[in-house]
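Chemist: What follows is the file coords_36.cif, containing mmCIF, C-alpha atoms:
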data_coords
loop_
_atom_site.label_atom_id
_atom_site.label_comp_id
_atom_site.auth_asym_id
_atom_site.auth_seq_id
_atom_site.Cartn_x
_atom_site.Cartn_y
_atom_site.Cartn_z
CA MET E 1 0.00 0.00 0.00
CA ALA E 2 1.42 3.36 -0.97
CA LEU E 3 1.68 5.70 1.93
CA GLY E 4 0.88 9.39 1.50
CA VAL E 5 3.41 12.18 1.98
CA SER E 6 1.98 12.96 5.40
CA ALA E 7 2.50 9.35 6.46
CA LYS E 8 6.12 9.54 5.30
CA ALA E 9 6.59 12.79 7.19
CA ARG E 10 5.04 11.23 10.26
CA GLY E 11 7.39 8.29 9.90
CA ALA E 12 10.39 10.62 9.64
CA CYS E 13 9.25 12.57 12.71
CA ARG E 14 8.80 9.33 14.62
CA TRP E 15 12.29 8.28 13.60
CA ILE E 16 13.78 11.60 14.75
CA ASP E 17 11.78 11.47 17.99
CA GLY E 18 12.93 7.93 18.61
CA ASN E 19 16.56 8.83 17.92
CA LEU E 20 16.41 11.90 20.16
CA ALA E 21 15.09 9.66 22.91
CA ALA E 22 17.81 7.07 22.20
CA ALA E 23 20.46 9.80 22.31
CA PHE E 24 19.06 10.99 25.62
CA ARG E 25 19.16 7.45 27.00
CA TRP E 26 22.77 7.10 25.86
CA CYS E 27 23.94 10.35 27.45
CA ARG E 28 21.82 9.93 30.62
CA PRO E 29 24.72 8.71 32.82
CA PHE E 30 27.03 11.46 31.56
CA CYS E 31 24.37 14.12 32.21
CA TYR E 32 23.88 12.75 35.71
CA ARG E 33 27.61 12.84 36.47
CA GLY E 34 27.83 16.32 34.90
CA MET E 35 25.09 17.58 37.18
CA GLN E 36 26.89 16.05 40.16
CA ALA E 37 30.05 17.92 39.12
CA VAL E 38 28.10 21.21 38.78
CA GLU E 39 26.72 20.72 42.29
CA ALA E 40 30.16 19.95 43.76
CA ILE E 41 31.73 23.01 42.06
CA GLY E 42 28.79 25.18 43.16
CA VAL E 43 29.12 24.10 46.78
CA LEU E 44 32.89 24.75 46.72
CA LEU E 45 32.34 28.21 45.21
CA VAL E 46 29.71 29.11 47.80
CA ALA E 47 32.03 27.99 50.58
CA GLY E 48 34.91 29.98 49.01
CA ILE E 49 32.80 33.13 48.64
CA ALA E 50 31.53 32.87 52.21
CA GLY E 51 35.08 32.43 53.50
CA ALA E 52 36.46 35.28 51.37
CA LEU E 53 33.76 37.68 52.52
CA ARG E 54 34.34 36.62 56.14
CA VAL E 55 38.05 37.58 56.03
CA GLU E 56 37.51 40.79 54.03
CA GLY E 57 39.45 43.62 55.71
CA ASP E 58 41.10 41.23 58.16
CA GLY E 59 44.84 42.00 57.99
CA TYR E 60 45.90 38.73 59.57
CA TRP E 61 44.16 36.54 57.00
CA THR E 62 44.95 38.86 54.08
CA ALA E 63 48.66 38.49 54.91
CA ARG E 64 48.35 34.73 55.38
CA LEU E 65 46.50 34.19 52.10
CA GLN E 66 48.78 36.41 50.04
CA GLY E 67 49.64 33.45 47.81
CA VAL E 68 46.04 33.26 46.60
CA GLY E 69 45.42 36.99 46.89
CA GLY E 70 44.10 37.26 43.33
CA LEU E 71 41.52 34.55 43.83
CA LEU E 72 40.58 35.99 47.23
CA ARG E 73 40.00 39.43 45.77
CA TRP E 74 38.03 37.96 42.86
CA LEU E 75 35.80 36.03 45.28
CA GLN E 76 35.31 39.15 47.40
CA VAL E 77 34.48 41.40 44.45
CA GLU E 78 32.48 39.00 42.24
CA GLY E 79 31.13 36.74 44.98
CA ARG E 80 28.16 38.90 45.96
CA ASP E 81 26.92 39.04 42.34
CA ALA E 82 27.77 35.42 41.61
CA ALA E 83 26.04 33.93 44.66
CA PRO E 84 22.45 34.12 43.29
CA VAL E 85 23.60 32.69 39.94
CA ILE E 86 25.34 29.81 41.73
CA ALA E 87 22.21 29.19 43.83
CA VAL E 88 20.07 28.95 40.67
CA ALA E 89 22.66 26.66 39.01
CA LEU E 90 22.68 24.42 42.09
CA ALA E 91 18.88 24.21 42.12
CA CYS E 92 18.78 23.42 38.36
CA ALA E 93 21.50 20.77 38.69
CA ALA E 94 19.73 19.11 41.63
CA GLY E 95 16.39 19.18 39.76
CA SER E 96 17.94 17.74 36.57
CA ARG E 97 19.72 15.04 38.50
CA ARG E 98 16.44 14.06 40.16
CA LEU E 99 14.71 14.04 36.78
CA ILE E 100 17.37 11.87 35.12
CA GLY E 101 17.77 9.42 38.01
CA PRO E 102 20.97 7.71 39.16
CA PRO E 103 22.54 5.44 36.52
CA TRP E 104 22.57 2.44 38.89
CA THR E 105 18.76 2.43 39.10
CA TRP E 106 18.52 2.37 35.30
CA SER E 107 20.95 -0.51 35.00
CA ALA E 108 19.12 -2.36 37.80
CA MET E 109 15.80 -1.84 36.00
CA GLN E 110 17.38 -3.12 32.79
CA ARG E 111 18.34 -6.29 34.66
CA VAL E 112 14.82 -6.65 36.03
CA LEU E 113 13.36 -6.37 32.50
CA ASP E 114 15.88 -8.90 31.14
CA LYS E 115 15.09 -11.34 33.94
CA TRP E 116 11.35 -10.79 33.46
CA ARG E 117 11.68 -11.49 29.75
CA ALA E 118 13.63 -14.68 30.40
CA SER E 119 11.06 -15.88 32.92
CA ALA E 120 7.91 -14.95 31.01
CA PHE E 121 9.04 -16.49 27.72
CA SER E 122 11.11 -19.40 28.98
CA ASP E 123 8.85 -21.96 27.27
CA VAL E 124 8.42 -20.06 23.98
CA GLU E 125 10.81 -20.52 21.09
CA GLY E 126 12.34 -17.73 19.05
CA GLU E 127 15.08 -15.09 19.06
CA VAL E 128 15.59 -12.87 22.08
CA HIS E 129 14.05 -9.84 20.36
CA TYR E 130 10.93 -11.80 19.37
CA HIS E 131 9.72 -11.53 22.96
CA ARG E 132 10.25 -8.27 24.76
CA VAL E 133 9.48 -6.39 27.95
CA THR E 134 9.24 -2.62 27.60
CA LEU E 135 8.80 0.01 30.28
CA PHE E 136 6.73 3.01 29.17
CA ARG E 137 6.61 6.32 30.99
CA VAL E 138 3.31 8.19 30.76
CA ARG E 139 3.55 11.97 30.83
CA ARG E 140 3.09 15.10 28.80
CA LEU E 141 6.01 16.37 26.66
CA GLY E 142 7.00 12.75 26.11
CA ARG E 143 7.29 13.16 22.36
CA VAL E 144 7.63 16.63 20.94
CA LEU E 145 7.70 16.09 17.17
CA THR E 146 4.97 13.50 16.68
CA ARG E 147 2.52 14.63 19.37
CA TRP E 148 1.04 17.91 20.44
CA PRO E 149 3.31 18.65 23.46
CA TRP E 150 0.44 18.78 25.95
CA THR E 151 -0.92 15.37 24.92
CA ARG E 152 -0.24 12.78 27.61
CA VAL E 153 1.53 9.89 25.93
CA ALA E 154 3.04 6.56 26.87
CA PHE E 155 6.58 6.46 25.47
CA PRO E 156 9.20 3.73 25.92
CA VAL E 157 12.10 4.43 28.28
CA LEU E 158 13.65 0.98 28.72
CA ARG E 159 13.48 -2.36 26.92
CA SER E 160 14.79 -5.82 27.66
CA GLY E 161 17.62 -7.27 25.60
CA HIS E 162 20.10 -5.45 23.39
CA LEU E 163 18.19 -5.33 20.10
CA THR E 164 15.22 -3.23 18.91
CA GLN E 165 16.43 -0.46 21.22
CA ASN E 166 15.46 2.30 18.78
CA MET E 167 12.04 2.74 20.31
CA CYS E 168 10.01 5.13 18.17
CA SER E 169 6.46 4.22 19.16
CA SER E 170 4.35 6.33 21.45
CA PHE E 171 0.69 5.94 22.35
CA ARG E 172 -1.90 8.43 23.54
CA ALA E 173 -2.90 7.95 27.19
CA PRO E 174 -5.17 10.95 27.87
CA ASP E 175 -7.48 11.65 30.82
CA ASP E 176 -10.37 10.55 28.64
CA GLY E 177 -9.74 6.80 28.59
CA ASP E 178 -11.96 6.39 25.52
CA ARG E 179 -9.32 8.21 23.48
CA SER E 180 -6.44 6.06 24.70
CA GLU E 181 -4.38 4.34 22.03
CA GLY E 182 -2.52 1.05 21.77
CA VAL E 183 -2.13 -1.62 24.41
CA ALA E 184 -0.02 0.74 26.56
CA GLY E 185 -2.71 3.44 26.46
CA MET E 186 -5.43 0.90 27.23
CA ALA E 187 -3.50 -0.49 30.20
CA PHE E 188 -3.04 2.99 31.62
CA ALA E 189 -6.78 3.67 31.34
CA ALA E 190 -7.97 0.25 32.49
CA SER E 191 -8.56 -0.98 36.02
CA GLY E 192 -6.52 -4.17 35.59
CA ALA E 193 -3.80 -5.89 33.62
CA VAL E 194 -4.57 -6.12 29.89
CA HIS E 195 -4.23 -9.35 27.88
CA VAL E 196 -4.38 -9.28 24.09
CA ASP E 197 -3.54 -12.45 22.19
CA GLU E 198 -4.23 -14.50 19.06
CA LEU E 199 -3.55 -11.47 16.87
CA PRO E 200 -3.20 -12.00 13.11
CA ASP E 201 0.16 -11.56 11.37
CA VAL E 202 0.20 -8.08 9.84
CA SER E 203 3.97 -7.64 9.54
CA GLY E 204 4.05 -8.33 5.81
CA LEU E 205 3.00 -5.95 3.04
CA ASP E 206 0.52 -8.58 1.89
CA ALA E 207 -1.57 -8.48 5.09
CA THR E 208 -5.26 -8.55 4.24
CA ASP E 209 -7.61 -5.68 5.12
CA ALA E 210 -9.57 -7.99 7.41
CA ASP E 211 -6.44 -8.94 9.37
CA VAL E 212 -5.30 -5.34 9.64
CA LEU E 213 -8.77 -4.29 10.84
CA ALA E 214 -8.86 -7.13 13.41
CA TYR E 215 -5.38 -6.19 14.67
CA ALA E 216 -6.26 -2.50 14.87
CA THR E 217 -9.51 -3.21 16.74
CA LYS E 218 -7.96 -5.55 19.29
CA THR E 219 -4.96 -3.30 20.00
CA LYS E 220 -6.92 -0.03 19.84
CA MET E 221 -4.83 1.43 17.05
CA SER E 222 -6.04 2.94 13.81
CA VAL E 223 -5.89 0.93 10.59
CA ALA E 224 -3.47 3.55 9.19
CA GLN E 225 -1.13 3.09 12.16
CA VAL E 226 -1.08 -0.67 11.72
CA ARG E 227 -0.43 -0.30 7.99
CA GLU E 228 2.30 2.23 8.66
CA ARG E 229 4.11 0.48 11.54
CA ARG E 230 3.46 -3.15 10.52
CA PRO E 231 3.80 -4.43 14.10
CA GLN E 232 5.24 -7.90 14.51
CA ALA E 233 3.96 -8.67 18.00
CA ARG E 234 1.00 -11.05 18.10
CA SER E 235 0.30 -11.12 21.83
CA PHE E 236 0.56 -8.59 24.64
CA TYR E 237 0.36 -8.32 28.39
CA ALA E 238 0.35 -4.83 29.89
CA THR E 239 -0.03 -3.54 33.41
CA VAL E 240 0.31 -0.20 35.11
CA VAL E 241 3.43 0.65 37.13
CA GLU E 242 2.72 2.72 40.22
CA VAL E 243 5.15 4.93 42.11
CA ARG E 244 4.06 5.87 45.64
CA GLY E 245 0.52 4.79 44.87
CA LYS E 246 0.19 6.90 41.72
CA ARG E 247 0.19 5.67 38.14
CA TRP E 248 3.66 6.34 36.73
CA GLY E 249 3.70 4.33 33.53
CA VAL E 250 3.03 0.97 31.96
CA VAL E 251 5.05 -2.17 31.42
CA VAL E 252 4.23 -4.07 28.23
CA LEU E 253 5.24 -7.65 27.38
CA ASP E 254 4.93 -8.45 23.69
CA SER E 255 5.66 -11.58 21.71
CA ARG E 256 5.61 -12.79 18.13
CA ASP E 257 3.97 -15.93 19.47
CA PRO E 258 0.16 -15.57 19.40
CA GLY E 259 -0.35 -17.54 22.65
CA ARG E 260 -1.44 -15.92 25.88
CA ILE E 261 1.29 -14.26 28.01
CA GLY E 262 1.10 -14.99 31.73
CA ASN E 263 -0.94 -17.46 33.74
CA LYS E 264 -4.67 -17.39 34.41
CA ALA E 265 -4.46 -15.23 37.49
CA GLY E 266 -1.72 -13.02 36.06
CA SER E 267 0.08 -13.38 39.39
CA GLU E 268 3.50 -14.59 38.28
CA PHE E 269 4.77 -11.11 37.47
CA GLU E 270 4.20 -9.57 40.90
CA SER E 271 7.81 -9.78 42.04
CA TYR E 272 9.05 -7.99 38.89
CA VAL E 273 6.42 -5.27 39.25
CA LEU E 274 7.49 -4.79 42.88
CA ALA E 275 11.17 -4.61 41.91
CA LEU E 276 10.44 -1.96 39.27
CA THR E 277 8.28 0.02 41.69
CA LEU E 278 10.95 0.05 44.39
CA LEU E 279 13.66 1.08 41.94
CA LEU E 280 11.51 3.84 40.48
CA GLU E 281 10.72 5.09 43.97
CA ARG E 282 14.45 5.29 44.70
CA ARG E 283 14.98 7.11 41.42
CA ALA E 284 12.31 9.77 41.83
CA MET Q 285 -6.00 -10.69 70.00
CA ALA Q 286 -5.08 -12.55 66.83
CA ASP Q 287 -2.46 -10.56 64.95
CA ASP Q 288 -0.64 -13.05 62.72
CA TRP Q 289 -0.60 -12.39 59.00
CA ILE Q 290 -2.40 -15.04 56.96
CA LEU Q 291 -0.98 -15.36 53.47
CA ILE Q 292 -3.46 -15.36 50.60
CA PRO Q 293 -2.57 -17.80 47.81
CA ARG Q 294 -3.15 -15.76 44.65
CA ASN Q 295 -4.48 -18.72 42.71
CA ASP Q 296 -7.33 -18.97 45.21
CA VAL Q 297 -8.85 -15.80 43.83
CA PRO Q 298 -8.33 -15.83 40.08
CA LEU Q 299 -10.21 -12.85 38.75
CA ARG Q 300 -10.68 -12.38 35.04
CA TRP Q 301 -13.11 -10.12 33.34
CA THR Q 302 -13.74 -8.31 30.09
CA GLU Q 303 -13.78 -4.53 30.16
CA THR Q 304 -14.61 -2.15 27.34
CA VAL Q 305 -11.95 0.54 26.95
CA GLY Q 306 -13.03 3.17 24.45
CA GLY Q 307 -15.28 0.71 22.63
CA THR Q 308 -12.70 -2.08 22.54
CA PRO Q 309 -13.50 -5.18 24.65
CA VAL Q 310 -10.36 -6.22 26.50
CA ASP Q 311 -9.55 -9.38 28.45
CA MET Q 312 -8.19 -8.45 31.89
CA THR Q 313 -6.75 -9.86 35.07
CA LEU Q 314 -6.22 -8.24 38.43
CA SER Q 315 -3.48 -5.62 38.64
CA PRO Q 316 -0.57 -6.86 40.82
CA TYR Q 317 -1.06 -3.78 43.02
CA ASP Q 318 -4.70 -4.66 43.74
CA ALA Q 319 -4.14 -8.23 44.84
CA PRO Q 320 -4.05 -8.53 48.64
CA GLN Q 321 -0.99 -10.52 49.71
CA ALA Q 322 -2.05 -11.28 53.28
CA PHE Q 323 -4.56 -10.33 55.97
CA ARG Q 324 -4.71 -10.38 59.75
CA ILE Q 325 -7.48 -10.07 62.29
CA ALA Q 326 -7.28 -7.98 65.44
CA TYR Q 327 -9.95 -7.48 68.08
CA ASP Q 328 -10.34 -4.50 70.41
CA ASP Q 329 -12.16 -5.61 73.53
CA ARG Q 330 -13.00 -2.08 74.69
CA SER Q 331 -14.80 -0.98 71.53
CA LYS Q 332 -15.88 -4.56 70.65
CA VAL Q 333 -14.62 -4.02 67.11
CA GLY Q 334 -12.84 -6.67 65.07
CA THR Q 335 -10.51 -5.24 62.44
CA ILE Q 336 -9.27 -7.10 59.38
CA TYR Q 337 -6.10 -5.58 57.91
CA PHE Q 338 -4.99 -6.23 54.32
CA ARG Q 339 -1.39 -6.10 53.12
CA TYR Q 340 -0.45 -5.33 49.50
CA LEU Q 341 2.58 -5.25 47.24
CA THR Q 342 3.15 -1.58 48.11
CA GLU Q 343 2.19 0.38 51.20
CA ASP Q 344 -0.28 3.18 51.65
CA ARG Q 345 -1.61 5.11 54.62
CA ALA Q 346 -5.17 4.63 55.84
CA HIS Q 347 -7.16 7.74 55.03
CA ARG Q 348 -10.74 7.63 53.82
CA THR Q 349 -13.42 5.72 55.75
CA ILE Q 350 -16.77 4.50 54.53
CA GLU Q 351 -18.75 4.41 57.75
CA GLY Q 352 -21.54 1.95 58.46
CA ASP Q 353 -23.35 0.82 61.61
CA GLU Q 354 -22.08 -2.73 61.28
CA VAL Q 355 -19.06 -2.54 58.97
CA THR Q 356 -16.68 0.34 58.30
CA LEU Q 357 -14.18 0.27 55.44
CA VAL Q 358 -10.88 2.15 55.48
CA LEU Q 359 -9.30 3.02 52.12
CA GLY Q 360 -5.76 4.08 51.24
CA ARG Q 361 -4.87 7.78 51.00
CA ILE Q 362 -3.50 7.72 47.46
CA SER Q 363 -4.39 4.30 46.11
CA ASN Q 364 -7.98 3.95 47.47
CA ARG Q 365 -7.25 0.28 48.07
CA LEU Q 366 -9.14 -1.47 50.86
CA LEU Q 367 -6.78 -1.46 53.85
CA GLU Q 368 -9.06 -2.28 56.77
CA VAL Q 369 -12.48 -3.71 57.47
CA ARG Q 370 -13.82 -2.81 60.92
CA ILE Q 371 -16.62 -5.06 62.13
CA ASN Q 372 -18.88 -4.02 65.00
CA VAL Q 373 -18.97 -7.39 66.74
CA GLN Q 374 -21.25 -6.27 69.56
CA LYS Q 375 -23.94 -5.26 67.09
CA LEU Q 376 -23.68 -8.33 64.85
CA ALA Q 377 -23.01 -11.26 67.15
CA ALA Q 378 -25.23 -12.63 69.89
CA LYS Q 379 -22.23 -14.30 71.52
CA ILE Q 380 -19.08 -12.28 71.03
CA LEU Q 381 -16.71 -15.16 71.65
CA GLU Q 382 -18.29 -17.17 68.83
CA ALA Q 383 -18.17 -14.37 66.27
CA THR Q 384 -16.65 -15.25 62.91
CA ILE Q 385 -16.13 -13.22 59.73
CA ASN Q 386 -19.33 -14.85 58.48
CA ILE Q 387 -21.56 -12.61 60.64
CA ALA Q 388 -20.39 -9.53 58.77
CA LEU Q 389 -20.59 -10.83 55.19
CA PRO Q 390 -24.00 -9.34 54.18
CA ALA Q 391 -23.08 -5.92 55.60
CA LEU Q 392 -19.62 -6.24 54.09
CA ARG Q 393 -21.03 -6.83 50.61
CA ARG Q 394 -23.17 -3.69 50.90
CA ALA Q 395 -20.18 -1.68 52.12
CA LEU Q 396 -17.99 -2.95 49.28
CA GLU Q 397 -20.64 -1.90 46.77
CA SER Q 398 -20.55 1.61 48.25
CA ALA Q 399 -16.77 1.59 48.01
CA SER Q 400 -16.98 0.63 44.32
CA GLU Q 401 -18.98 3.79 43.73
CA VAL Q 402 -16.32 5.86 45.51
CA SER Q 403 -13.47 4.48 43.39
CA ARG Q 404 -14.49 2.72 40.20
CA SER Q 405 -10.89 1.97 39.23
CA ARG Q 406 -10.33 -0.10 42.42
CA ARG Q 407 -13.60 -2.03 42.28
CA HIS Q 408 -11.80 -5.27 41.48
CA ASN Q 409 -9.63 -4.83 44.57
CA TYR Q 410 -12.80 -4.60 46.68
CA GLU Q 411 -14.26 -7.60 44.88
CA VAL Q 412 -11.18 -9.73 45.56
CA ALA Q 413 -11.02 -8.61 49.21
CA GLY Q 414 -14.69 -9.68 49.53
CA GLN Q 415 -13.84 -13.06 47.94
CA VAL Q 416 -10.94 -13.56 50.35
CA LEU Q 417 -13.13 -12.85 53.36
CA THR Q 418 -15.90 -15.11 52.04
CA ALA Q 419 -13.37 -17.92 51.61
CA ASN Q 420 -12.22 -17.33 55.21
CA ALA Q 421 -15.72 -16.84 56.62
CA THR Q 422 -15.25 -19.37 59.41
CA ARG Q 423 -12.23 -17.63 60.93
CA PRO Q 424 -12.96 -16.26 64.41
CA LEU Q 425 -12.88 -12.51 64.94
CA VAL Q 426 -12.17 -12.91 68.64
CA ARG Q 427 -9.58 -15.23 70.11
CA ASP Q 428 -10.71 -16.64 73.42
CA LEU Q 429 -7.71 -15.98 75.66
CA SER Q 430 -9.16 -18.05 78.53
CA LYS Q 431 -8.68 -21.25 76.55
#
Go through the file and emit its structure as structure tokens.
Modeler:
Amino acid sequence: MALGVSAKARGACRWIDGNLAAAFRWCRPFCYRGMQAVEAIGVLLVAGIAGALRVEGDGYWTARLQGVGGLLRWLQVEGRDAAPVIAVALACAAGSRRLIGPPWTWSAMQRVLDKWRASAFSDVEGEVHYHRVTLFRVRRLGRVLTRWPWTRVAFPVLRSGHLTQNMCSSFRAPDDGDRSEGVAGMAFAASGAVHVDELPDVSGLDATDADVLAYATKTKMSVAQVRERRPQARSFYATVVEVRGKRWGVVVLDSRDPGRIGNKAGSEFESYVLALTLLLERRA
Amino acid sequence: MADDWILIPRNDVPLRWTETVGGTPVDMTLSPYDAPQAFRIAYDDRSKVGTIYFRYLTEDRAHRTIEGDEVTLVLGRISNRLLEVRINVQKLAAKILEATINIALPALRRALESASEVSRSRRHNYEVAGQVLTANATRPLVRDLSK
């Protein structure tokens, strides 16, 4: 099926959005360490300014600190003006660091997702990337090029394994649950864990209209989205992730195998959900 | 006072349902956060109230109460999950020492229905809590310390 120009543009925007997110994920640890460095330098400067102002006009200390007289004078002269700027920089660095989260929590969450994937799909055949566990964050400003910035969307932040890490997809998860989109959006709106299975294969260009329509209906996507993205997953399990009692995001298990994911009671994933919750609570 | 936690085997309360999300019927199971992990029963002799406490995957503080003459429900501050069920034993049981959870089940069902109207998104948590208590209906609310 030939896609229109707008579809191509949408695809390009999704690709850019996905790559921006991937770049952010890659530089996350460096940003965190950078912010730590800014905080350390800021604290040292504040201490230096306070000390310099304290000894201002004190002959004893001025004589003793003659070796660093230039720095002392600079701190005394510029310190008063610089202090508010340093305070703002410290606040920004602390806020950014909190927003990014310590690298160890991200690597621990990656391990949890890998372990979850191995456990959930231990009896299913196929390559590692055929069965995945993806953590989605739900918030506004999640995707800036493909979504109106104020739309609340579920966007992927972490995925099990080492392949298919260029995560471009995002799904609407608005206050009005009727307008939610995709399995991730549905899970965020629903009051329980979502199971979708026995989906038809729509990954090929030769997928029939009936199959595409069935896939779109079951996964709450539009026919155009299914045609455009040609998803390969044929079964899903999705549940909300809460942080301090509030809905934070969604974790989605998807597989190319059409069989149901999880047992009848859906209870086998509780320990992984708890691990993610505790790590996210440490992060925030 | 009986205050030991009683673990709830999750497979004892398998809950599956179909919900329509934006016109799409979806097969669902209970959210891991809504499944009670354990419960315990405590009895206050002064007020003659038996309290059943539920424990979940994550913690929350007791906040909102749904008051009733016979049964009072206590919900979580943020999550709205059912944290406590307070049973007025004096009002429900002719002989306090023989009181079991069973005496409160009709009033409990009514209270849980009211709770479902307060928080629609947690209605399955209330349903499962009700199922757990029904399955444990013969458990005594009061432990006879003289024995």
Chemist: Using only C-alpha atoms, determine which residues of chain E fall within 9 Å of chain Q; present them as a PyMOL selection string.
Modeler: chain E and resi 176-180+186+189-196+217-220+239-242+244-246+264-267+269-271+273-274+277-278
Chemist: Taking every listed atom of stretch 34-43 of chain E and adding 5 Å to each side, what centre and edge lengths in Å (one decimal) does the axis-aligned box have, as lines of an AutoDock Vina configuration file?
Modeler:
center_x = 28.4
center_y = 20.6
center_z = 40.8
size_x = 16.6
size_y = 19.1
size_z = 21.9
Chemist: For the structure shown, which residues end up in the PyMOL selection byres ((chain Q and resi 369-377) around 9)? Put them as an mmCIF file with C-alpha atoms, in the coordinates of the input, please?
Modeler:
data_model
loop_
_atom_site.group_PDB
_atom_site.id
_atom_site.type_symbol
_atom_site.label_atom_id
_atom_site.label_comp_id
_atom_site.auth_asym_id
_atom_site.auth_seq_id
_atom_site.Cartn_x
_atom_site.Cartn_y
_atom_site.Cartn_z
ATOM 1 C CA SER Q 331 -14.800 -0.980 71.530
ATOM 2 C CA LYS Q 332 -15.880 -4.560 70.650
ATOM 3 C CA VAL Q 333 -14.620 -4.020 67.110
ATOM 4 C CA GLY Q 334 -12.840 -6.670 65.070
ATOM 5 C CA THR Q 335 -10.510 -5.240 62.440
ATOM 6 C CA ILE Q 336 -9.270 -7.100 59.380
ATOM 7 C CA TYR Q 337 -6.100 -5.580 57.910
ATOM 8 C CA PHE Q 338 -4.990 -6.230 54.320
ATOM 9 C CA ASP Q 353 -23.350 0.820 61.610
ATOM 10 C CA GLU Q 354 -22.080 -2.730 61.280
ATOM 11 C CA VAL Q 355 -19.060 -2.540 58.970
ATOM 12 C CA THR Q 356 -16.680 0.340 58.300
ATOM 13 C CA LEU Q 357 -14.180 0.270 55.440
ATOM 14 C CA VAL Q 358 -10.880 2.150 55.480
ATOM 15 C CA LEU Q 366 -9.140 -1.470 50.860
ATOM 16 C CA LEU Q 367 -6.780 -1.460 53.850
ATOM 17 C CA GLU Q 368 -9.060 -2.280 56.770
ATOM 18 C CA ALA Q 378 -25.230 -12.630 69.890
ATOM 19 C CA LYS Q 379 -22.230 -14.300 71.520
ATOM 20 C CA ILE Q 380 -19.080 -12.280 71.030
ATOM 21 C CA LEU Q 381 -16.710 -15.160 71.650
ATOM 22 C CA GLU Q 382 -18.290 -17.170 68.830
ATOM 23 C CA ALA Q 383 -18.170 -14.370 66.270
ATOM 24 C CA THR Q 384 -16.650 -15.250 62.910
ATOM 25 C CA ILE Q 385 -16.130 -13.220 59.730
ATOM 26 C CA ILE Q 387 -21.560 -12.610 60.640
ATOM 27 C CA ALA Q 388 -20.390 -9.530 58.770
ATOM 28 C CA LEU Q 392 -19.620 -6.240 54.090
ATOM 29 C CA LEU Q 425 -12.880 -12.510 64.940
ATOM 30 C CA VAL Q 426 -12.170 -12.910 68.640
#
Chemist: Could you jot down the atom CA of E:Val251 to atom CA of E:Glu228 separation for me, Å, one decimal place?
Modeler: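 These two atoms are separated by 23.3 Å.
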Chemist: Taking into account only C-alpha atoms, which residue in the set E:Val112, E:Val55, E:Val38, E:Ala63 is nearest to E:Ala89?
Modeler: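 The closest residue to E:Ala89 is E:Val38.
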